[in-house]
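Colleague: Take this structure first; my questions come after.
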Amino acid sequence: MKHTITLNVNGQKYTVDVEPQEKLLDVLRDKLDITSPKKGCEMGECGACTVIMNGKAVNSCLVLAVESQDAVITTVEALHADGKLHPLQQAFIDAGAVQCGFCTPGMIMSAKALLDTNPTPTEMEIKEAIAGNFCRCTGYKPIVDAIQSAAAVMKKEGA
Amino acid sequence: MSGTKVVGASVTRTDALEKVTGAAKYTDDVKFGPGMLYAKLLRSPHPHAKIVKIDTSKAEALPGVRAVATGQEFNSYIGLYLLDRTLYAFDKVRYVGEPVAGVAADTEDIAEEACKLIEVEYEELPAVFDPEYALDPQAPIIHEKLGEYEYAPFIFPQAGTNISNYFKVRKGDPENAFKECACVIEEEFYVPHLQHTPLEPHVAVAKYDHSGFCTLWTSSQSPFAQRNLLAKALKMPYNKLRVIVPYLGGGFGCKAGVSIEACVIPLAMKASPRPVKLRMTREEEFFCTFVRQGLKAKVKIGVNDEGKILAMENTYYWDAGAYTEYGVNITRASGYSSTGPYNVPNVKADAYCCYTNHPVGGPMRGFGMPEIHWAIEQVIDIICRKTGMDPVAFRAKNALQGGDITVTGGVMHDTGLQKCILKAAEDLGWDKPKHEAKPGKRVGRGIAAMWKAPAMPPDASSGAILKFNEDATVNLLVSGMELGQGTHTVMAQIAAEVLGIAYETVRVHTPDTDYSPYEWQTVASRLTWSMGNAVKMAAEDARTQILKLASDHWDCAPDNLDIIDGYVIHKGDPSKTQSLKHMVIYGLTNKDGLLKGGPIIGRGNFIPPDVSALDKETGQGPKSVVHFTTGAQAVEIEVDEETGVIDIKKVASCYDVGKAINPMNVVCQTIGGIYMGLSTGLFEQLQLRKGNPANNSLADYITATVMDMPEEIFPSFVEVPQVDGPFGARGVGEHTMVPTAPALANAVYDALGVRIKSMPVTAEKILCELKVQRLESQTV
Amino acid sequence: MPTFAYVCPPTLNDCLKLLKENPGAKPYAGGTDLMVKMRDHAVSPQMLVDLKKIDKLKGIREDAEGNIIIGALTTHAEISESPVVLEKYPFFAHACRWVGSQQIRNRGTIGGNICNGSPAAETLPSLYILDARIHLESISSTRTLPIREFFCGPGKTCILPGEIVTAVEIPNISVEFSGSYHRQGRRKVVCIAMVTAAAMWRQDETSPSGMRFSIALGSVAPTVVVAKNAENYLNECAVCSDDVIEHAAMTALKDASPISDIRTTCDYRNDLVYVLTKRCLKDIICGGRELK
């Protein structure tokens with residue numbers, strides 16, 4: 001049986017019909033054409049599908065679309081909405097934290113979820129926040145560096 | 001090379017903006033509308049069996065099913081070096097997971113349901129799971145028709161056996177040389193199957209229209225090799241098969257050659273004109289695409305009392321799996337690189353590519369080199385321990401230098417190997433005291449050196465087309481894939497350097513075989529060198545055209561002109577400057593008032609100039625490969641004596657890149673290589689039980705996370721120019737993971753005195769060896 | 001993924017009613033395990049009853065007696081950050097941080113983790129030594145079970161049809177105590193544990209050392225097990241010296257019956273039982289001091 005759900009994705013309201021078994025990831029990708037969350041494993045292991053749902057980083061492959069009724073979802077597409085890069089995006093570019101780019105959107109969302117609640121994380125807290133986002137290219141170090149420098153920039157901008 | 005502006009600069013990646021904004025499109029992101037069909041494959045449950053009967057009628061009758069394909073219809077042979085497999089299994093299955101039939105349906109669920117309705121009758125056959133056993137005359141033969149298969153001239157299949165390639169080296173007189181040695185060590189090592197595990201699983205979409213024109217969108221490292229192999233197998237004119245590859249979410253080799261594409265095109269042909277998408281699940285990815293093949297290595301090294309290596313005798317048994325898309329050439333590479341990066345006067349090497357009933361071996365980052373160095377570099381460590389020689393000094397002393405004779409009898413080009421060994425050791429603090437271990441832990445250090453050549457056929461070539469636009473921006477057309485390594489950026493830098501324009505104005509994008517020039521494949525760390533040469537040539541071609549145009553316009557010699565920051569200038573006359581804008585399309589007017597020029601299009605092509613064949617019996621020849629990239633890595637670890645758990649403290653590595661076109665990119669490749677080397681060295685192993693994968697999920701196949709990475713990394717490089725490389729550059733993408741695992745194993749020995757000969761170096765293996773050690777010390 | 005009916009009732013009563021009336025229905029909380037099982041066709045519920053609107057099942061509270069009641073829908077992230085849990089039972093908060101990744105901890109719930117019944121579950125050994133009680137409710141009854149009686153095999157609990165876990169209660173400990181949790185997986189984080197161990201002592205004047213010990217081990221038997229032999233040994237010792245700890249850790253092997261699987265071997269699991277038990281005991285006993 002189809003359910004009609006209304007959700008807020010990247011500041012825009014969408015109303016979509018979904019089957020109960022449809023995953024949030026598939027609805028974002030196939031029905032809303034928001035393709036930055038990637039399908040890497042479909043079992044919540046790789047983190048490539050990470051989005052921020054109601055303020056928290058979640059694997060969108062493990063969320064049923066029907067339960068995102070009234071949810072506020074953020075994907076990396078939103079960060080650049082006003083034409084200006086988010087400090088995390090700029091830091092990822094500058095630190096060499098991007099290679100194949102497949103993990104990047106999910107990685108940035110995990111990092112953003114962290115910085116949104118903890119603007120001055122320790123290196124260990126950063127690592128903990130992104131341990132569920134696999135990357136096979138970068139060796140992670142540039143990513144950790146990028147998140148640290150984005151935090152510093154955001155702190156400065158906020159101050 | 002000095003005086004370059006953008007070559008040698010750590011400029012920002014050209015693809016970074018697209019990737020951080022979510023704009024970058026990968027194959028699975030491309031939309032094909034509501035008509036798209038979804039494919040699923042029925043796979044063999046048996047490692048080795050005869051197909052007695054296939055009945056697809058029930059599947060075909062299922063509502064929503066649009067096409068079913070089997071080997072009954074699609075049984076033409078395909079293969080890169082050895083045509084040993086069919087599009088779908090025909091008469092036999094040879095590994096668990098082999099595609100037996102495919103279904104295209106309105107939804108993935110229907111396709112999956114239909115696969116279950118296909119009835120296949122098998123007659124199980126005895127199977128082979130060990131490469132050494134594969135050579136046993138009693139072993140079942142996996143390819144009865146091996147003698148009839150087509151193959152490339154530089155591989156040597158042995159008809160009537162399970163050997164798909166046999167590469168031999170016979171150099172000097174190892175038998176007598178060993179007698180002169182003060183120390184001879186012979187050991188056996190094992191490397192398990194791995195899976196590359198790129199974050200993006202394989203996905204391909206094929207559309208076959210009513211006119212018989214086929215378009216394939218695929219996550220591939222090899223669009224042109226795909227077109228070549230698939231068009232040939234399907235008897236299509238090459239220009240009726242178009243391969244489009246968007247960005248790749250990593251590859252590391254498993255997306256080279258042809259894998260799932262062979263199954264999706266037949267379905268698209270039958271479901272014409274609807275596009276058909278075939279997407280691997282992560283579970284399938286582990287055993288149904290390519291895996292890194294296993295290796296059993298026997299390495300024997302002899303040194304004299306001065307610490308000079310006199311002889312090596314190495315035997316490599318490659319567990320190449322059921323088919324050998326790449327295995328035969330990995331075997332060849334392991335033969336012509338069989339000594340590691342050392343000057344060894346006497347060599348006997350035998351490399352066997354063995355058919356087994358395991359998943360299909362493909363290339364993986366390093367192409368056999370991480371595997372053989374795992375063995376060689378540990379035996380060298382054993383020798384150093386036994387003779388009391390310093391592992392750094394020993395390696396530096398035996399390292400190949402320019403002018404030395406390589407294992408295959410050629411002359412080694414200039415190389416910075418010795419510098420790399422010393423630099424890695426220095427950065428690690430080899431001569432300084434180790435950091436103090438925490439209670440219950442032991443600290444150890446290890447080092448390993450490496451070499452690797454681009455392993456490719458002698459005719460692996462590259463093309464480049466450079467097109468100017470009205471505003472003097474450039475579209476550079478190449479078909480080397482951007483799979484994360486940064487090749488687009490490097491190509492933009494090379495073109496910009498030659499043309500005197502800003503690299504940001506050069507757009508390099510993903511290929512389409514209808515419009516992009518030929519590129520053999522994105523493998524072998526060959527793009528910077530080979531495609532770089534083609535791009536340089538294309539840029540020089542465009543530059544020549546521009547200067548000719550300006551020199552005609554100003555009526556002066558082209559030699560007096562240069563291009564700087566997007567302007568043609570006259571070196572002797574500052575009043576003469578001409579913006580590239582406009583002129584690169586609309587030309588310039590000559591003194592006689594006539595318009596000259598037209599759209600500037602630069603053309604470049606490159607083919608390795610001087611690689612020669614090697615003698616079948618001795619493996620000797622003047623030039624086996626285009627060049628070798630060399631390097632070394634040192635590691636410091638802390639091991640928990642009670643659990644065997646390793647903490648990686650420090651890694652230092654150094655490679656001779658010839659010329660770093662983009663130093664930051666080299667560093668990023670190095671850190672990434674260290675990660676992958678550590679991940680494979682510490683954790684990764686595809687567990688196969690009688691041919692069945694036991695841990696084919698990301699929950700069970702363990703890779704390193706951010707937490708497992710070293711506390712400190714010291715990446716560096718040296719630049720001994722590659723004379724035939726663009727600006728002196730040679731490749732470095734794969735090399736960075738090659739010495740990691742043996743350096744790690746050597747560090748474990750240094751810390752605890754236990755030797756782990758089978759990869760990966762798990763905590764469990766260490767503890768097991770420690771217990772043996774303790775028992776032995778009690779009995780002594 | 002197979003299809004099913006999805007409902008998200010506003011009250012607990014509605015949920016329980018639906019679960020009773022539909023034998024093919026399954027309660028749905030964080031979904032981190034269930035979604036994977038459904039995808040793999042390991043379970044195919046006809047109906048999912050989403051519990052997420054039931055506020056009663058959410059949050060952590062401490063009652064007047066000092067018992068901590070953790071609603072079944074409380075996520076691992078919430079527990080690991082909970083001030084009251086961090087203050088009273090830091091080792092349990094710490095155990096919750098070992099669960100999966102941040103994303104999984106943000107979604108996965110304590111109720112789901114318990115009902116999943118994995119012998120490798122990170123939360124369970126701590127809950128065992130804390131003598132946690134599981135609150136269960138169906139449309140017709142409520143009951144409370146000690147956690148030690150809740151599991152009957154890997155993935156098997158004694159939850160009855162139509163019943164759900166509503167909360168986990170950690171009974172107040174009115175005497176001095178100390179607890180610790182250790183685990184080891186194949187890599188540092190985000191991995192299923194090869195062995196887990198939790199140990200604690202609580203002040204008890206009747207035992208020779210003045211301490212009564214509890215030890216629980218995970219991933220070494222079909223369910224989490226209590227290391228009875230090790231506990232008994234310790235409870236009879238007057239002084240907890242290093243030798244005693246050593247011996248107790250060795251004794252814990254008698255309580256474990258590990259198997260070899262894709263994660264590791266039986267032998268290594270035994271090694272870890274010894275090491276992790278020892279480390280837990282060392283954490284909670286400072287150099288063999290006597291409590292009295």
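Just remember, in the structure tokens the first chain shown is A, the second B, etc., residues are 1-based per chain, and ligands are 1-based in the order shown.
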Can you work out which residues from chain A touch chain C at a cut-off of 9 Å (counting only C-alpha atoms) and hand them back as a ChimeraX atom specification?
Modeller: /A:1,3,19-22,42-45,47,50,56-59,61-64,66-67,110,128-133
Colleague: Keeping only C-alpha atoms, take the residues you just selected and write them out as an mmCIF file, in the first residue's frame.
Modeller:
```cif
data_model
loop_
_atom_site.group_PDB
_atom_site.id
_atom_site.type_symbol
_atom_site.label_atom_id
_atom_site.label_comp_id
_atom_site.auth_asym_id
_atom_site.auth_seq_id
_atom_site.Cartn_x
_atom_site.Cartn_y
_atom_site.Cartn_z
ATOM 1 C CA MET A 1 0.000 0.000 0.000
ATOM 2 C CA HIS A 3 1.835 6.091 1.634
ATOM 3 C CA GLU A 19 5.817 1.960 -0.869
ATOM 4 C CA PRO A 20 6.437 0.856 2.723
ATOM 5 C CA GLN A 21 9.601 -1.034 1.787
ATOM 6 C CA GLU A 22 11.184 1.882 -0.042
ATOM 7 C CA GLU A 42 22.819 -1.052 1.477
ATOM 8 C CA MET A 43 23.465 -2.362 4.965
ATOM 9 C CA GLY A 44 24.666 0.614 6.937
ATOM 10 C CA GLU A 45 28.329 -0.274 6.865
ATOM 11 C CA GLY A 47 28.427 5.421 5.241
ATOM 12 C CA THR A 50 24.856 9.373 5.125
ATOM 13 C CA LYS A 56 21.596 13.543 13.285
ATOM 14 C CA ALA A 57 23.787 11.681 10.816
ATOM 15 C CA VAL A 58 22.030 8.519 9.672
ATOM 16 C CA ASN A 59 22.560 5.883 7.019
ATOM 17 C CA CYS A 61 19.849 3.019 3.394
ATOM 18 C CA LEU A 62 18.602 1.905 6.807
ATOM 19 C CA VAL A 63 15.738 4.383 7.033
ATOM 20 C CA LEU A 64 12.338 3.610 5.590
ATOM 21 C CA VAL A 66 7.659 6.241 5.229
ATOM 22 C CA GLU A 67 9.196 7.101 8.550
ATOM 23 C CA SER A 110 28.925 13.151 9.102
ATOM 24 C CA GLU A 128 34.759 8.751 16.014
ATOM 25 C CA ALA A 129 32.261 10.765 13.995
ATOM 26 C CA ILE A 130 33.566 9.534 10.637
ATOM 27 C CA ALA A 131 34.606 5.992 11.584
ATOM 28 C CA GLY A 132 31.435 4.755 9.905
ATOM 29 C CA ASN A 133 32.270 6.512 6.649
#
```
Colleague: When the cut-off is 10 Å and we count only C-alpha atoms, which residues of chain C are near chain B, given as a VMD selection string?
Modeller: chain C and resid 1 to 2 100 184 to 192 261 to 265 267 to 269 271 to 272 274 to 276
Colleague: Put those residues in a file: C-alpha atoms, as an mmCIF file, in the first residue's frame.
Modeller:
```cif
data_model
loop_
_atom_site.group_PDB
_atom_site.id
_atom_site.type_symbol
_atom_site.label_atom_id
_atom_site.label_comp_id
_atom_site.auth_asym_id
_atom_site.auth_seq_id
_atom_site.Cartn_x
_atom_site.Cartn_y
_atom_site.Cartn_z
ATOM 1 C CA MET C 1 13.163 -5.981 -0.332
ATOM 2 C CA PRO C 2 9.851 -7.767 0.247
ATOM 3 C CA GLY C 100 28.614 0.269 15.242
ATOM 4 C CA GLN C 184 38.017 -6.673 20.999
ATOM 5 C CA GLY C 185 37.053 -6.738 17.381
ATOM 6 C CA ARG C 186 39.061 -7.350 14.256
ATOM 7 C CA ARG C 187 39.780 -3.670 13.854
ATOM 8 C CA LYS C 188 39.673 -0.767 16.270
ATOM 9 C CA VAL C 189 36.052 0.314 15.791
ATOM 10 C CA VAL C 190 32.879 -0.311 13.790
ATOM 11 C CA CYS C 191 33.118 -4.060 13.939
ATOM 12 C CA ILE C 192 31.404 -6.936 15.621
ATOM 13 C CA ASP C 261 33.851 -18.630 12.706
ATOM 14 C CA ILE C 262 34.662 -16.090 10.007
ATOM 15 C CA ARG C 263 35.678 -13.579 12.641
ATOM 16 C CA THR C 264 38.233 -15.638 14.499
ATOM 17 C CA THR C 265 39.111 -19.004 15.964
ATOM 18 C CA ASP C 267 41.610 -20.553 20.382
ATOM 19 C CA TYR C 268 41.939 -16.831 19.962
ATOM 20 C CA ARG C 269 38.579 -16.244 21.589
ATOM 21 C CA ASP C 271 42.959 -16.068 24.646
ATOM 22 C CA LEU C 272 40.792 -12.974 24.623
ATOM 23 C CA TYR C 274 41.552 -14.493 29.578
ATOM 24 C CA VAL C 275 43.041 -11.136 28.604
ATOM 25 C CA LEU C 276 39.842 -9.111 28.608
#
```
Colleague: Could I get the residues of chain B with an atom no further than 9 Å from an atom of chain A, each paired with its nearest atom pair and that distance in Å to one decimal, using only C-alpha atoms, sorted by chain and residue number, as a tab-separated table?
Modeller:
```
residue	atom	partner	partner_atom	distance
B:Thr12	CA	A:Asp94	CA	6.9
B:Arg13	CA	A:Ile93	CA	7.5
B:Asp15	CA	A:Gln99	CA	8.6
B:Ala16	CA	A:Ile93	CA	5.7
B:Leu17	CA	A:Ile93	CA	7.1
B:Glu18	CA	A:Gly101	CA	8.8
B:Lys19	CA	A:Gly101	CA	5.3
B:Val20	CA	A:Gln89	CA	5.6
B:Thr21	CA	A:Glu77	CA	5.7
B:Gly22	CA	A:Ser36	CA	4.7
B:Ala23	CA	A:Ser36	CA	7.4
B:Ala24	CA	A:Gly101	CA	8.0
B:Lys25	CA	A:Thr35	CA	8.0
B:Tyr26	CA	A:Phe102	CA	8.3
B:Asp28	CA	A:Lys39	CA	8.5
B:Asp29	CA	A:Thr35	CA	6.0
B:Lys31	CA	A:Asp30	CA	8.4
B:His196	CA	A:Arg136	CA	8.8
B:Thr197	CA	A:Arg136	CA	7.6
B:Pro198	CA	A:Arg136	CA	6.3
B:Leu199	CA	A:Gly40	CA	5.6
B:Glu200	CA	A:Gly40	CA	5.6
B:Pro201	CA	A:Gly40	CA	6.4
B:Tyr247	CA	A:Cys100	CA	7.8
B:Leu248	CA	A:Cys100	CA	6.5
B:Gly249	CA	A:Phe102	CA	4.9
B:Gly250	CA	A:Cys100	CA	5.4
B:Gly251	CA	A:Cys100	CA	8.9
B:Thr281	CA	A:Cys41	CA	7.0
B:Arg282	CA	A:Cys41	CA	5.1
B:Glu283	CA	A:Cys41	CA	8.0
B:Glu482	CA	A:Cys100	CA	7.4
B:Leu483	CA	A:Cys100	CA	5.2
B:Gly484	CA	A:Cys100	CA	3.5
B:Gln485	CA	A:Gln99	CA	6.2
B:Gly486	CA	A:Gln99	CA	6.9
B:Met664	CA	A:Gly96	CA	7.5
B:Asn665	CA	A:Gly96	CA	7.6
B:Cys668	CA	A:Thr138	CA	6.4
B:Gln669	CA	A:Thr138	CA	7.3
B:Thr670	CA	A:Gly139	CA	8.7
B:Ile671	CA	A:Gly139	CA	5.5
B:Gly672	CA	A:Gly139	CA	4.3
B:Gly673	CA	A:Gly139	CA	7.4
B:Ile674	CA	A:Gly139	CA	7.0
B:Tyr675	CA	A:Gly139	CA	4.7
B:Met676	CA	A:Arg136	CA	7.1
B:Ser697	CA	A:Cys41	CA	8.0
B:Leu698	CA	A:Glu45	CA	6.1
B:Ala699	CA	A:Glu45	CA	6.3
B:Thr703	CA	A:Phe134	CA	8.6
B:Ala704	CA	A:Phe134	CA	8.4
B:Thr705	CA	A:Ala131	CA	5.8
B:Val706	CA	A:Tyr140	CA	5.6
B:Met707	CA	A:Lys127	CA	6.3
B:Met709	CA	A:Gly139	CA	7.4
B:Pro710	CA	A:Lys141	CA	9.0
B:Ile713	CA	A:Lys141	CA	8.8
```
Colleague: From a DSSP pass on the backbone, collect the residues of chain A flagged as helix (DSSP H, G or I) and hand them back as a PyMOL selection string.
Modeller: chain A and resi 24-31+60-62+65-68+76-80+87-94+104-117+123-130+141-158
Colleague: Fewer than 6 positions away in the same chain doesn't count, so skip those; otherwise give me all residues within 6 Å of region 321-329 of chain B, counting only C-alpha atoms, as a list of chain:residue names.
Modeller: B:Gly79, B:Leu80, B:Arg94, B:Tyr95, B:Asn165, B:Cys353, B:Tyr355, B:Thr356, B:Asn357, B:His358, B:Pro359, B:Val360, B:Gly361, B:Gly362, B:Pro363
Colleague: Would you export the selected residues with C-alpha atoms as a CSV table (one decimal), in the first residue's frame, please?
Modeller:
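Contents of the output file out-v9.csv:
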```csv
chain,number,residue,atom,x,y,z
B,79,GLY,CA,39.3,-12.1,-22.8
B,80,LEU,CA,42.0,-9.4,-22.7
B,94,ARG,CA,34.0,-22.9,-13.1
B,95,TYR,CA,33.4,-20.8,-10.0
B,165,ASN,CA,50.7,-18.7,-18.4
B,353,CYS,CA,49.3,-18.7,-13.6
B,355,TYR,CA,43.5,-22.0,-13.0
B,356,THR,CA,41.5,-22.8,-9.9
B,357,ASN,CA,37.8,-22.9,-9.1
B,358,HIS,CA,38.0,-19.6,-7.3
B,359,PRO,CA,36.6,-16.2,-8.3
B,360,VAL,CA,38.3,-14.5,-11.3
B,361,GLY,CA,41.6,-12.9,-10.5
B,362,GLY,CA,41.8,-9.3,-11.8
B,363,PRO,CA,44.4,-6.6,-11.5
```
Colleague: Here is a test: counting only C-alpha atoms, which residue of B:Tyr515, B:Tyr586, B:Tyr88, B:Phe628 is nearest to Asn469 (chain B)?
Modeller: B:Tyr586
Colleague: Write down as a count of residues only the residues of region 53-95 of chain C whose backbone DSSP state falls under strand (DSSP E).
Modeller: 7
Colleague: Could you pull the residues within 10 Å of region 238-244 of chain B, counting only C-alpha atoms, minus those fewer than 4 positions along the same chain, as a VMD selection string?
Modeller: chain B and resid 27 204 to 208 211 to 220 222 to 232 234 479 510 to 516
Colleague: Figure out the distance between CA of Phe290 (chain B) and CA of Pro266 (chain B), please, to one decimal in Å.
Modeller: 20.2 Å
Colleague: Please measure the separation of CA of Ala29 (chain C) and CA of Thr6 (chain A), giving the value in Å to one decimal.
Modeller: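 Distance reported for this atom pair: 20.5 Å.
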Colleague: Tell me, as a list in words, which residues lie within 7 Å of Pro125 (chain C), counting only C-alpha atoms; anything in the same chain fewer than 4 positions away does not count.
Modeller: Ile129, Ala197, Ala198, Ala216, Leu217, Gly218 and Val224 of chain C
Colleague: I need the chosen residues saved as a short mmCIF file (atom, residue, chain, number, x, y, z; two decimals), in the first residue's frame, with N, CA and C atoms.
Modeller:
```cif
data_model
loop_
_atom_site.label_atom_id
_atom_site.label_comp_id
_atom_site.auth_asym_id
_atom_site.auth_seq_id
_atom_site.Cartn_x
_atom_site.Cartn_y
_atom_site.Cartn_z
N ILE C 129 26.00 -7.74 34.34
CA ILE C 129 26.62 -7.56 35.65
C ILE C 129 25.89 -6.51 36.48
N ALA C 197 33.77 -8.56 27.44
CA ALA C 197 33.83 -8.94 28.85
C ALA C 197 33.48 -7.75 29.73
N ALA C 198 32.69 -8.00 30.74
CA ALA C 198 32.38 -6.95 31.71
C ALA C 198 32.53 -7.56 33.10
N ALA C 216 30.60 -11.08 33.16
CA ALA C 216 29.82 -11.60 32.02
C ALA C 216 30.68 -11.53 30.77
N LEU C 217 30.50 -12.54 29.93
CA LEU C 217 31.30 -12.64 28.71
C LEU C 217 30.37 -12.74 27.50
N GLY C 218 30.78 -12.09 26.41
CA GLY C 218 29.98 -12.16 25.19
C GLY C 218 30.77 -12.73 24.03
N VAL C 224 25.13 -14.35 25.84
CA VAL C 224 26.09 -13.81 26.81
C VAL C 224 26.07 -14.76 28.01
#
```
